[in-house]
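Enquirer: Structure file data04.pdb (PDB, C-alpha atoms, pLDDT in the B column) is given on the next line.
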```pdb
ATOM      1  CA  MET A1145     114.112 133.023 112.355  1.00 72.00           C
ATOM      2  CA  ALA A1146     111.123 135.244 112.943  1.00 88.00           C
ATOM      3  CA  GLN A1147     107.957 133.925 111.427  1.00 93.00           C
ATOM      4  CA  LYS A1148     105.877 136.160 109.235  1.00 96.00           C
ATOM      5  CA  LYS A1149     102.510 135.696 107.641  1.00 97.00           C
ATOM      6  CA  PHE A1150     102.921 135.389 103.868  1.00 97.00           C
ATOM      7  CA  MET A1151     100.084 135.366 101.377  1.00 97.00           C
ATOM      8  CA  LEU A1152     100.547 134.434  97.729  1.00 98.00           C
ATOM      9  CA  VAL A1153      97.767 135.656  95.476  1.00 98.00           C
ATOM     10  CA  ASN A1154      97.403 133.661  92.247  1.00 98.00           C
ATOM     11  CA  ARG A1155      95.293 135.343  89.599  1.00 98.00           C
ATOM     12  CA  LYS A1156      96.471 133.820  86.324  1.00 98.00           C
ATOM     13  CA  ALA A1157      95.693 130.622  84.467  1.00 98.00           C
ATOM     14  CA  PRO A1158      98.467 128.008  84.212  1.00 97.00           C
ATOM     15  CA  TYR A1159     100.646 127.521  81.071  1.00 97.00           C
ATOM     16  CA  GLY A1160      99.613 130.747  79.295  1.00 95.00           C
ATOM     17  CA  SER A1161     102.273 132.518  81.345  1.00 95.00           C
ATOM     18  CA  ILE A1162     104.994 131.535  83.822  1.00 96.00           C
ATOM     19  CA  TYR A1163     103.290 133.124  86.861  1.00 97.00           C
ATOM     20  CA  ALA A1164     101.522 130.026  88.178  1.00 97.00           C
ATOM     21  CA  LEU A1165     104.693 127.936  88.196  1.00 97.00           C
ATOM     22  CA  GLU A1166     106.785 130.756  89.699  1.00 97.00           C
ATOM     23  CA  SER A1167     104.254 131.207  92.478  1.00 97.00           C
ATOM     24  CA  LEU A1168     104.428 127.514  93.276  1.00 96.00           C
ATOM     25  CA  GLU A1169     108.227 127.782  93.555  1.00 96.00           C
ATOM     26  CA  VAL A1170     107.860 130.667  95.999  1.00 97.00           C
ATOM     27  CA  VAL A1171     105.326 128.701  98.074  1.00 96.00           C
ATOM     28  CA  LEU A1172     107.877 125.910  98.451  1.00 95.00           C
ATOM     29  CA  ILE A1173     110.690 128.331  99.321  1.00 95.00           C
ATOM     30  CA  THR A1174     108.547 130.119 101.882  1.00 95.00           C
ATOM     31  CA  ALA A1175     107.578 126.794 103.410  1.00 93.00           C
ATOM     32  CA  ALA A1176     111.244 125.726 103.547  1.00 94.00           C
ATOM     33  CA  PHE A1177     111.903 128.760 105.749  1.00 94.00           C
ATOM     34  CA  GLU A1178     109.047 127.654 108.013  1.00 93.00           C
ATOM     35  CA  GLN A1179     106.955 130.718 107.406  1.00 96.00           C
ATOM     36  CA  ASP A1180     103.195 130.961 107.830  1.00 96.00           C
ATOM     37  CA  VAL A1181     101.969 130.630 104.227  1.00 97.00           C
ATOM     38  CA  SER A1182      98.516 131.183 102.806  1.00 98.00           C
ATOM     39  CA  VAL A1183      97.885 130.587  99.114  1.00 98.00           C
ATOM     40  CA  VAL A1184      94.943 132.268  97.440  1.00 98.00           C
ATOM     41  CA  PHE A1185      93.417 131.348  94.083  1.00 98.00           C
ATOM     42  CA  LEU A1186      91.491 134.239  92.618  1.00 98.00           C
ATOM     43  CA  ASP A1187      90.116 135.134  89.142  1.00 98.00           C
ATOM     44  CA  ASP A1188      91.777 132.885  86.496  1.00 98.00           C
ATOM     45  CA  GLY A1189      94.094 131.590  89.242  1.00 98.00           C
ATOM     46  CA  VAL A1190      91.419 129.038  90.172  1.00 98.00           C
ATOM     47  CA  TYR A1191      92.185 127.275  86.868  1.00 98.00           C
ATOM     48  CA  GLN A1192      95.582 126.274  88.316  1.00 98.00           C
ATOM     49  CA  LEU A1193      93.792 123.713  90.470  1.00 98.00           C
ATOM     50  CA  LYS A1194      91.677 122.112  87.719  1.00 98.00           C
ATOM     51  CA  LYS A1195      91.725 118.325  87.660  1.00 98.00           C
ATOM     52  CA  GLY A1196      92.650 116.299  84.594  1.00 98.00           C
ATOM     53  CA  MET A1197      95.470 118.298  83.029  1.00 98.00           C
ATOM     54  CA  GLN A1198      97.201 116.451  80.173  1.00 98.00           C
ATOM     55  CA  THR A1199     100.116 118.609  79.064  1.00 98.00           C
ATOM     56  CA  LYS A1200     101.907 116.243  76.675  1.00 97.00           C
ATOM     57  CA  GLY A1201     100.433 118.045  73.651  1.00 97.00           C
ATOM     58  CA  ILE A1202     102.004 121.368  74.622  1.00 97.00           C
ATOM     59  CA  ALA A1203     105.325 119.811  75.681  1.00 96.00           C
ATOM     60  CA  THR A1204     105.143 121.369  79.139  1.00 96.00           C
ATOM     61  CA  LYS A1205     105.386 119.791  82.589  1.00 95.00           C
ATOM     62  CA  ASN A1206     102.057 119.358  84.367  1.00 97.00           C
ATOM     63  CA  PHE A1207     102.787 120.865  87.776  1.00 96.00           C
ATOM     64  CA  SER A1208      99.266 120.533  89.190  1.00 96.00           C
ATOM     65  CA  PRO A1209     100.093 117.371  91.244  1.00 96.00           C
ATOM     66  CA  THR A1210     102.399 119.566  93.342  1.00 96.00           C
ATOM     67  CA  TYR A1211      99.393 121.342  94.859  1.00 96.00           C
ATOM     68  CA  ARG A1212      98.320 118.005  96.309  1.00 95.00           C
ATOM     69  CA  ALA A1213     101.758 117.618  97.932  1.00 95.00           C
ATOM     70  CA  LEU A1214     101.765 121.031  99.644  1.00 96.00           C
ATOM     71  CA  GLU A1215     100.276 119.531 102.777  1.00 94.00           C
ATOM     72  CA  ASP A1216     103.528 117.575 103.240  1.00 93.00           C
ATOM     73  CA  TYR A1217     105.307 120.936 103.476  1.00 93.00           C
ATOM     74  CA  ASP A1218     102.830 122.101 106.123  1.00 93.00           C
ATOM     75  CA  VAL A1219     101.171 124.388 103.611  1.00 96.00           C
ATOM     76  CA  ASP A1220      97.526 123.690 104.251  1.00 95.00           C
ATOM     77  CA  LYS A1221      95.969 127.134 103.945  1.00 98.00           C
ATOM     78  CA  LEU A1222      94.699 127.052 100.393  1.00 98.00           C
ATOM     79  CA  TYR A1223      91.895 129.526  99.790  1.00 98.00           C
ATOM     80  CA  VAL A1224      89.715 129.655  96.689  1.00 98.00           C
ATOM     81  CA  ASP A1225      87.500 132.624  95.928  1.00 98.00           C
ATOM     82  CA  ALA A1226      83.905 131.410  95.593  1.00 98.00           C
ATOM     83  CA  ASP A1227      82.906 134.033  93.005  1.00 98.00           C
ATOM     84  CA  SER A1228      85.886 133.188  90.763  1.00 98.00           C
ATOM     85  CA  LEU A1229      84.974 129.484  90.781  1.00 98.00           C
ATOM     86  CA  ALA A1230      81.341 130.223  89.938  1.00 97.00           C
ATOM     87  CA  ALA A1231      82.249 132.585  87.086  1.00 97.00           C
ATOM     88  CA  ARG A1232      84.132 129.704  85.444  1.00 97.00           C
ATOM     89  CA  GLY A1233      81.511 127.019  85.912  1.00 97.00           C
ATOM     90  CA  LEU A1234      83.701 125.148  88.400  1.00 98.00           C
ATOM     91  CA  THR A1235      83.026 123.552  91.782  1.00 98.00           C
ATOM     92  CA  THR A1236      85.359 122.057  94.405  1.00 97.00           C
ATOM     93  CA  GLU A1237      84.680 118.675  92.733  1.00 98.00           C
ATOM     94  CA  ASP A1238      86.741 119.937  89.769  1.00 98.00           C
ATOM     95  CA  LEU A1239      89.833 120.722  91.859  1.00 98.00           C
ATOM     96  CA  VAL A1240      92.923 118.547  92.448  1.00 97.00           C
ATOM     97  CA  THR A1241      93.122 119.112  96.178  1.00 97.00           C
ATOM     98  CA  GLU A1242      91.200 120.109  99.299  1.00 96.00           C
ATOM     99  CA  VAL A1243      90.741 123.857  99.598  1.00 97.00           C
ATOM    100  CA  LYS A1244      88.802 126.298 101.685  1.00 98.00           C
ATOM    101  CA  VAL A1245      86.272 128.139  99.532  1.00 98.00           C
ATOM    102  CA  VAL A1246      85.842 131.664 100.860  1.00 98.00           C
ATOM    103  CA  ASP A1247      83.602 134.618 100.128  1.00 98.00           C
ATOM    104  CA  SER A1248      84.824 138.143  99.372  1.00 97.00           C
ATOM    105  CA  ALA A1249      84.487 139.420 102.930  1.00 98.00           C
ATOM    106  CA  THR A1250      86.497 136.520 104.361  1.00 98.00           C
ATOM    107  CA  LEU A1251      89.213 136.918 101.750  1.00 97.00           C
ATOM    108  CA  ALA A1252      89.408 140.666 102.334  1.00 97.00           C
ATOM    109  CA  THR A1253      89.906 140.086 106.047  1.00 97.00           C
ATOM    110  CA  LEU A1254      92.564 137.422 105.469  1.00 97.00           C
ATOM    111  CA  MET A1255      94.506 139.836 103.260  1.00 97.00           C
ATOM    112  CA  THR A1256      94.602 142.566 105.859  1.00 96.00           C
ATOM    113  CA  GLU A1257      96.016 140.124 108.428  1.00 97.00           C
ATOM    114  CA  GLN A1258      99.183 139.392 106.400  1.00 98.00           C
ATOM    115  CA  ASP A1259     102.697 140.747 106.908  1.00 97.00           C
ATOM    116  CA  VAL A1260     103.655 140.166 103.270  1.00 96.00           C
ATOM    117  CA  VAL A1261     101.411 139.759 100.216  1.00 96.00           C
ATOM    118  CA  LEU A1262     102.971 138.548  96.961  1.00 97.00           C
ATOM    119  CA  SER A1263     100.968 138.856  93.765  1.00 97.00           C
ATOM    120  CA  PHE A1264     101.233 136.470  90.811  1.00 97.00           C
TER     121      PHE A1264
ATOM    122  CA  MET B 807      90.037 136.253  57.615  1.00 96.00           C
ATOM    123  CA  LEU B 808      91.359 134.060  60.408  1.00 97.00           C
ATOM    124  CA  HIS B 809      91.427 135.665  63.854  1.00 97.00           C
ATOM    125  CA  ILE B 810      93.721 134.029  66.407  1.00 98.00           C
ATOM    126  CA  LEU B 811      93.223 134.775  70.094  1.00 98.00           C
ATOM    127  CA  ASN B 812      95.455 133.608  72.973  1.00 97.00           C
ATOM    128  CA  LYS B 813      94.214 135.455  76.082  1.00 96.00           C
ATOM    129  CA  SER B 814      91.672 134.362  78.671  1.00 97.00           C
ATOM    130  CA  PRO B 815      88.332 136.154  78.139  1.00 97.00           C
ATOM    131  CA  LEU B 816      88.103 136.907  81.865  1.00 96.00           C
ATOM    132  CA  GLN B 817      91.593 138.398  82.045  1.00 94.00           C
ATOM    133  CA  THR B 818      91.530 140.879  79.160  1.00 94.00           C
ATOM    134  CA  GLY B 819      88.878 142.505  76.966  1.00 94.00           C
ATOM    135  CA  THR B 820      90.396 141.191  73.741  1.00 95.00           C
ATOM    136  CA  LEU B 821      87.572 138.757  72.984  1.00 96.00           C
ATOM    137  CA  ASP B 822      85.103 141.662  73.137  1.00 95.00           C
ATOM    138  CA  THR B 823      87.131 143.579  70.568  1.00 95.00           C
ATOM    139  CA  VAL B 824      87.505 140.552  68.296  1.00 94.00           C
ATOM    140  CA  VAL B 825      83.764 139.893  68.385  1.00 93.00           C
ATOM    141  CA  ARG B 826      83.136 143.565  67.642  1.00 93.00           C
ATOM    142  CA  LEU B 827      85.503 143.718  64.678  1.00 94.00           C
ATOM    143  CA  ALA B 828      85.546 140.214  63.190  1.00 93.00           C
ATOM    144  CA  LYS B 829      82.670 140.152  60.751  1.00 89.00           C
ATOM    145  CA  SER B 830      83.243 136.862  58.958  1.00 92.00           C
ATOM    146  CA  GLY B 831      85.707 134.032  58.592  1.00 95.00           C
ATOM    147  CA  ALA B 832      87.075 132.064  61.496  1.00 98.00           C
ATOM    148  CA  LEU B 833      88.138 132.553  65.103  1.00 98.00           C
ATOM    149  CA  LEU B 834      90.782 130.216  66.489  1.00 98.00           C
ATOM    150  CA  LEU B 835      91.212 130.080  70.265  1.00 98.00           C
ATOM    151  CA  ILE B 836      94.643 128.992  71.504  1.00 98.00           C
ATOM    152  CA  GLU B 837      96.532 128.998  74.829  1.00 98.00           C
ATOM    153  CA  ASP B 838      94.492 130.711  77.606  1.00 98.00           C
ATOM    154  CA  ALA B 839      91.827 131.774  75.095  1.00 98.00           C
ATOM    155  CA  VAL B 840      90.493 128.193  75.005  1.00 98.00           C
ATOM    156  CA  TYR B 841      88.730 128.903  78.324  1.00 98.00           C
ATOM    157  CA  ALA B 842      86.303 131.071  76.316  1.00 98.00           C
ATOM    158  CA  ALA B 843      85.021 127.913  74.621  1.00 98.00           C
ATOM    159  CA  THR B 844      84.320 125.990  77.840  1.00 98.00           C
ATOM    160  CA  LYS B 845      80.873 125.488  79.356  1.00 96.00           C
ATOM    161  CA  GLY B 846      80.044 127.679  82.342  1.00 96.00           C
ATOM    162  CA  ASN B 847      82.704 130.301  81.615  1.00 97.00           C
ATOM    163  CA  GLY B 848      81.523 133.871  82.078  1.00 95.00           C
ATOM    164  CA  ALA B 849      82.316 134.594  78.422  1.00 96.00           C
ATOM    165  CA  GLU B 850      80.006 131.880  77.080  1.00 94.00           C
ATOM    166  CA  SER B 851      77.353 134.304  75.791  1.00 94.00           C
ATOM    167  CA  LYS B 852      80.023 136.443  74.130  1.00 95.00           C
ATOM    168  CA  LEU B 853      81.404 133.373  72.409  1.00 96.00           C
ATOM    169  CA  ARG B 854      77.945 132.339  71.200  1.00 95.00           C
ATOM    170  CA  GLU B 855      77.633 135.810  69.706  1.00 94.00           C
ATOM    171  CA  ALA B 856      80.869 135.153  67.816  1.00 95.00           C
ATOM    172  CA  MET B 857      79.636 131.724  66.696  1.00 96.00           C
ATOM    173  CA  ALA B 858      76.653 133.352  64.979  1.00 95.00           C
ATOM    174  CA  ARG B 859      78.999 134.988  62.462  1.00 94.00           C
ATOM    175  CA  LEU B 860      82.296 133.132  62.629  1.00 96.00           C
ATOM    176  CA  LYS B 861      83.390 129.530  62.533  1.00 98.00           C
ATOM    177  CA  VAL B 862      84.994 129.051  65.930  1.00 98.00           C
ATOM    178  CA  TYR B 863      87.788 126.572  66.660  1.00 98.00           C
ATOM    179  CA  ALA B 864      89.774 125.698  69.801  1.00 98.00           C
ATOM    180  CA  LEU B 865      93.186 124.057  69.908  1.00 98.00           C
ATOM    181  CA  MET B 866      92.755 120.647  71.542  1.00 98.00           C
ATOM    182  CA  PRO B 867      96.287 120.319  73.024  1.00 98.00           C
ATOM    183  CA  ASP B 868      95.679 123.582  74.925  1.00 98.00           C
ATOM    184  CA  LEU B 869      92.280 122.360  76.176  1.00 98.00           C
ATOM    185  CA  GLN B 870      93.828 119.068  77.312  1.00 98.00           C
ATOM    186  CA  ALA B 871      96.726 120.802  79.085  1.00 98.00           C
ATOM    187  CA  ARG B 872      94.221 122.841  81.085  1.00 98.00           C
ATOM    188  CA  GLY B 873      91.989 119.876  81.961  1.00 98.00           C
ATOM    189  CA  MET B 874      89.129 121.412  79.972  1.00 98.00           C
ATOM    190  CA  ALA B 875      88.834 119.070  76.962  1.00 98.00           C
ATOM    191  CA  ASP B 876      85.563 117.568  78.201  1.00 97.00           C
ATOM    192  CA  ARG B 877      83.910 120.978  78.594  1.00 97.00           C
ATOM    193  CA  LEU B 878      84.102 122.270  75.058  1.00 98.00           C
ATOM    194  CA  ILE B 879      80.949 124.123  74.002  1.00 97.00           C
ATOM    195  CA  GLU B 880      79.069 122.257  71.262  1.00 97.00           C
ATOM    196  CA  GLY B 881      79.543 123.801  67.858  1.00 97.00           C
ATOM    197  CA  VAL B 882      83.149 124.791  68.491  1.00 98.00           C
ATOM    198  CA  GLY B 883      85.551 122.821  66.319  1.00 98.00           C
ATOM    199  CA  ALA B 884      88.353 121.009  68.156  1.00 98.00           C
ATOM    200  CA  ILE B 885      91.549 121.000  66.104  1.00 98.00           C
ATOM    201  CA  ASP B 886      95.154 119.888  66.518  1.00 98.00           C
ATOM    202  CA  TYR B 887      98.343 121.580  65.250  1.00 98.00           C
ATOM    203  CA  ASP B 888      97.843 120.221  61.718  1.00 98.00           C
ATOM    204  CA  GLY B 889      94.361 121.740  61.758  1.00 98.00           C
ATOM    205  CA  PHE B 890      95.905 125.038  62.853  1.00 98.00           C
ATOM    206  CA  VAL B 891      98.181 124.983  59.809  1.00 98.00           C
ATOM    207  CA  ASP B 892      95.238 124.115  57.549  1.00 98.00           C
ATOM    208  CA  LEU B 893      93.274 127.127  58.839  1.00 98.00           C
ATOM    209  CA  VAL B 894      96.190 129.448  58.135  1.00 97.00           C
ATOM    210  CA  VAL B 895      96.500 128.052  54.618  1.00 97.00           C
ATOM    211  CA  GLU B 896      92.740 128.209  53.917  1.00 97.00           C
ATOM    212  CA  HIS B 897      92.343 131.875  54.841  1.00 97.00           C
ATOM    213  CA  PRO B 898      93.783 134.647  52.691  1.00 96.00           C
ATOM    214  CA  ASN B 899      95.004 136.532  55.753  1.00 97.00           C
ATOM    215  CA  ASN B 900      95.027 136.325  59.531  1.00 96.00           C
ATOM    216  CA  GLN B 901      95.420 138.411  62.619  1.00 96.00           C
ATOM    217  CA  SER B 902      96.951 137.304  65.901  1.00 96.00           C
ATOM    218  CA  TRP B 903      95.333 139.329  68.679  1.00 96.00           C
ATOM    219  CA  LEU B 904      98.015 139.534  71.356  1.00 89.00           C
TER     220      LEU B 904
END
```
Translate the structure described by the file into structure tokens.

Expert:
Amino acid sequence: MAQKKFMLVNRKAPYGSIYALESLEVVLITAAFEQDVSVVFLDDGVYQLKKGMQTKGIATKNFSPTYRALEDYDVDKLYVDADSLAARGLTTEDLVTEVKVVDSATLATLMTEQDVVLSF
Amino acid sequence: MLHILNKSPLQTGTLDTVVRLAKSGALLLIEDAVYAATKGNGAESKLREAMARLKVYALMPDLQARGMADRLIEGVGAIDYDGFVDLVVEHPNNQSWL
């Protein structure tokens, strides 16, 4: 199968809507088809990676540990927008997994290099 | 009046409108709105403006789910579901800002 460059752009906080979980499903599907996957966390999407989620009180599955397992699926291009982190008082210390923190110019360039961009 | 908000302050402009129109009573932040009550969030000054006039509460189970329970801004009341019910009972009316 031909390999394409896929980028998933996550811009929403987890739990308030289904987007974050759906995006994660698509990441896993894309990886299963051995595609070149980049995952971007932008705006409220950076909250998806916050450490310390305890979801028992809202009777919802905490899916944040899955981000740590993405490396096992050869998904290791996780990009976090630096401005979005700063606007929420977060640093990489607050995140569940290793990511590449990128500035606007870098992210803009990465986007233009993709074959397919999926927005969540 | 009890105002109930469920959207992230950095995703929609609803918090701005609530702060503009809610003159007294209480503001309860639930779901993604709890981010507004966390330290370092871009909406912190807007929330402090609200706190000058309104009693502000955040729903603890939603803070915990998002890993933000330890970042609650001082002066914001942390409540559970029973506290949510109490607020609804205490106020003569309420508005859910969707």

Enquirer: Any idea what the distance is between atom CA of Arg826 of chain B and atom CA of Asn812 of chain B?

Expert: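 Between atom CA of Arg826 of chain B and atom CA of Asn812 of chain B the gap is 16.7 Å.
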
Enquirer: Given all atoms listed in the file, how would the per-residue table for segment 824-878 of chain B near segment 1226-1246 of chain A read, listing every residue at most 10 Å away with its closest atom pair and distance in Å to one decimal, sorted by chain and number, as a Markdown table?

Expert:
```
| residue | atom | partner | partner_atom | distance |
| --- | --- | --- | --- | --- |
| B:Tyr841 | CA | A:Arg1232 | CA | 8.5 |
| B:Ala842 | CA | A:Arg1232 | CA | 9.5 |
| B:Thr844 | CA | A:Arg1232 | CA | 8.5 |
| B:Lys845 | CA | A:Gly1233 | CA | 6.8 |
| B:Gly846 | CA | A:Gly1233 | CA | 3.9 |
| B:Asn847 | CA | A:Arg1232 | CA | 4.1 |
| B:Gly848 | CA | A:Ala1231 | CA | 5.2 |
| B:Ala849 | CA | A:Arg1232 | CA | 8.7 |
| B:Glu850 | CA | A:Arg1232 | CA | 9.6 |
| B:Gly873 | CA | A:Asp1238 | CA | 9.4 |
| B:Arg877 | CA | A:Gly1233 | CA | 9.8 |
```

Enquirer: Residues of chain B within 8 Å of chain A, counting all atoms listed in the file - could you list those as a ChimeraX atom specification?

Expert: /B:813-814,816-817,837-838,845-848,867-868,870-874

Enquirer: How many Å separate atom CA of Met866 of chain B from atom CA of Asn900 of chain B?

Expert: 19.9 Å

Enquirer: Taking only C-alpha atoms into account, which of B:Ala843, B:Val862, B:Leu853, B:Val891 comes nearest Leu878 of chain B?

Expert: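 Ranking B:Ala843, B:Val862, B:Leu853, B:Val891 by distance to Leu878 of chain B, first place goes to B:Ala843.
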
Enquirer: With all atoms of segment 1147-1156 of chain A from the file as input, state the centre and edge lengths in Å to one decimal of the axis-aligned box that has 6 Å extra on each side, as JSON.

Expert:
```
{"center_x": 101.6, "center_y": 134.9, "center_z": 98.9, "size_x": 24.7, "size_y": 14.5, "size_z": 37.1}
```

Enquirer: Quote the spacing between atom CA of Tyr887 of chain B and atom CA of Leu869 of chain B in Å to one decimal place.

Expert: 12.5 Å

Enquirer: Here is a test: counting all atoms listed in the file, which residue of A:Val1181, A:Leu1262, A:Ala1176, A:Met1151 is nearest to Asp1220 of chain A?

Expert: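 When distances to Asp1220 of chain A are compared using all atoms listed in the file, the smallest one comes from A:Val1181.
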
Enquirer: Would you list the residues near (76.6, 132.8, 66.4), meaning any protein, DNA or RNA residue with an atom at most 12 Å from that point in file coordinates, counting all atoms listed in the file, as a PyMOL selection string?

Expert: chain B and resi 825+829-830+832-833+850-862+880-882

Enquirer: Limited to C-alpha atoms, could you put the picked residues into a file as a compact mmCIF listing (two decimals), in the coordinates of the input?

Expert:
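Writing the result to again03.txt gives the following:
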```txt
# COMPACT_ATOMS: atom_id res chain seq x y z
CA VAL B 825 83.76 139.89 68.39
CA LYS B 829 82.67 140.15 60.75
CA SER B 830 83.24 136.86 58.96
CA ALA B 832 87.08 132.06 61.50
CA LEU B 833 88.14 132.55 65.10
CA GLU B 850 80.01 131.88 77.08
CA SER B 851 77.35 134.30 75.79
CA LYS B 852 80.02 136.44 74.13
CA LEU B 853 81.40 133.37 72.41
CA ARG B 854 77.94 132.34 71.20
CA GLU B 855 77.63 135.81 69.71
CA ALA B 856 80.87 135.15 67.82
CA MET B 857 79.64 131.72 66.70
CA ALA B 858 76.65 133.35 64.98
CA ARG B 859 79.00 134.99 62.46
CA LEU B 860 82.30 133.13 62.63
CA LYS B 861 83.39 129.53 62.53
CA VAL B 862 84.99 129.05 65.93
CA GLU B 880 79.07 122.26 71.26
CA GLY B 881 79.54 123.80 67.86
CA VAL B 882 83.15 124.79 68.49
```

Enquirer: Leaving out Val1184 of chain A and any residue of its chain fewer than 2 positions from it, which residues lie within 7 Å of it when counting all atoms listed in the file, given as a ChimeraX atom specification?

Expert: /A:1152-1154,1182,1186,1222-1224

Enquirer: Taking the file as shown, what set of residues would the PyMOL selection byres ((chain B and resi 904) around 7) give back, as JSON, numbers by chain?

Expert: {"B": [811, 812, 902, 903]}
